[in-house]
Amino acid sequence: MEAPFTCCKTKECPNVCCMQCLNIFHFSCLNRTQRMTKIEGHKIICSQECARQKESNDDQLNKLFEEVGKLKDDIKTKNGLLEELEVGVVNTRNFKDGINKLHKENRQKDVYIQRLKRVSISFEEDVFSAEQNYIKKLDEQKQTIAELNKELIKQTELNRHLMTEVDSKSAVEEWLQKDLHDLEISKQNMLKVIESLSQENELFTTELRELRNKNDIIKTKSERTSNTIGDEILGTER
């Protein structure tokens with residue numbers, strides 16, 4: 001089967017070329033030998049030897065591709081290491097800056113500690129002075145407590161004496177309680193009497209009001225009657 005020329009697509013090329021040994025053959029001549037292996041178009045493998053050579057070359061190419069892939073991976077790894085080294089250099093610089101900053105902070109802390117020590121010494125002196133004052137006050141309070149204890153003993157004895165007198169007066173209180181009870185009963189009775197009298201007083205007040213109303217009515221009628229009689233007398237005299 002003939003293939004067209006690359007330059008003239010309408011013309012077919014009657015020859016074929018071995019892709020391994022690059023020899024050119026008539027297709028009809030090579031076809032009679034039945035040793036040809038067609039690849040594509042006018043590309044062929046002319047013999048078994050060329051086929052074996054091609055396979056060997058393909059294996060070498062595959063190995064080369066594998067080596068190239070490994071080299072690419074190594075390059076990527078080395079590039080990663082270079083980036084890490086660059087980051088490490090930057091970190092080292094930052095670390096040095098951090099160390100310098102820590103040294104500066106430590107110097108400031110030393111100054112602050114010295115200041116605190118001076119303040120602490122002054123504070124200890126103040127504490128010692130305050131402690132002495134507290135001790136003095138505690139001694140005074142102990143003396144005051146002792147005096148109060150003595151006074152408490154006196155008050156206890158006085159309370160005991162008073163309790164004795166109270167016990168002696170209990171009988172009098174019982175008698176007074178009895179009289180108070182009797183007086184309370186009398187009071188209740190008097191309240192009942194007062195309540196009864198109040199009710200009677202209200203009745204009397206009501207009756208008195210009614211009598212006054214009747215008296216007013218009678219008085220009014222009497223005045224009217226007197227006026228009428230007077231008018232009649234005057235009429236008779238005339």
# chains A, B, ... in the order shown; residues from 1 in each chain; ligands from 1

$ select_by_dssp --residues "range 1-237 of chain A" --states "strand (DSSP E)" --output "ChimeraX atom specification"
/A:3-4,12-13,15-18,24-26,37-40,43-45

$ atom_distance --atom1 "CA of Asp73 in chain A" --atom2 "CA of Gln60 in chain A"
19.6 Å

$ atom_distance --atom1 "CA of His42 in chain A" --atom2 "CA of His26 in chain A"
10.2 Å

$ atom_distance --atom1 "CA of Cys13 in chain A" --atom2 "CA of Ser28 in chain A"
12.0 Å

$ select_by_dssp --residues "range 13-74 of chain A" --states "helix (DSSP H, G or I)" --output "PyMOL selection string"
chain A and resi 27-33+48-74

$ residues_around --residues "Lys54 in chain A" --least-positions-apart "6" --cutoff "12 Å" --atoms "only C-alpha atoms" --output "VMD selection string"
chain A and resid 18 to 22 37 44 to 48 60 to 62

$ write_last_selection --atoms "C-alpha atoms" --output "tab-separated table (two decimals), in the first residue's frame"
chain	number	residue	atom	x	y	z
A	18	CYS	CA	12.78	1.56	7.16
A	19	MET	CA	12.59	3.63	10.35
A	20	GLN	CA	15.52	1.74	11.85
A	21	CYS	CA	18.17	1.44	9.09
A	22	LEU	CA	16.68	4.31	7.00
A	37	THR	CA	6.48	-4.78	9.31
A	44	ILE	CA	8.21	0.29	7.92
A	45	ILE	CA	10.61	-2.05	9.68
A	46	CYS	CA	12.36	-3.92	6.90
A	47	SER	CA	13.69	-6.99	8.76
A	48	GLN	CA	13.72	-8.89	12.04
A	60	GLN	CA	17.26	2.31	25.84
A	61	LEU	CA	14.89	5.22	25.22
A	62	ASN	CA	12.63	4.03	28.03
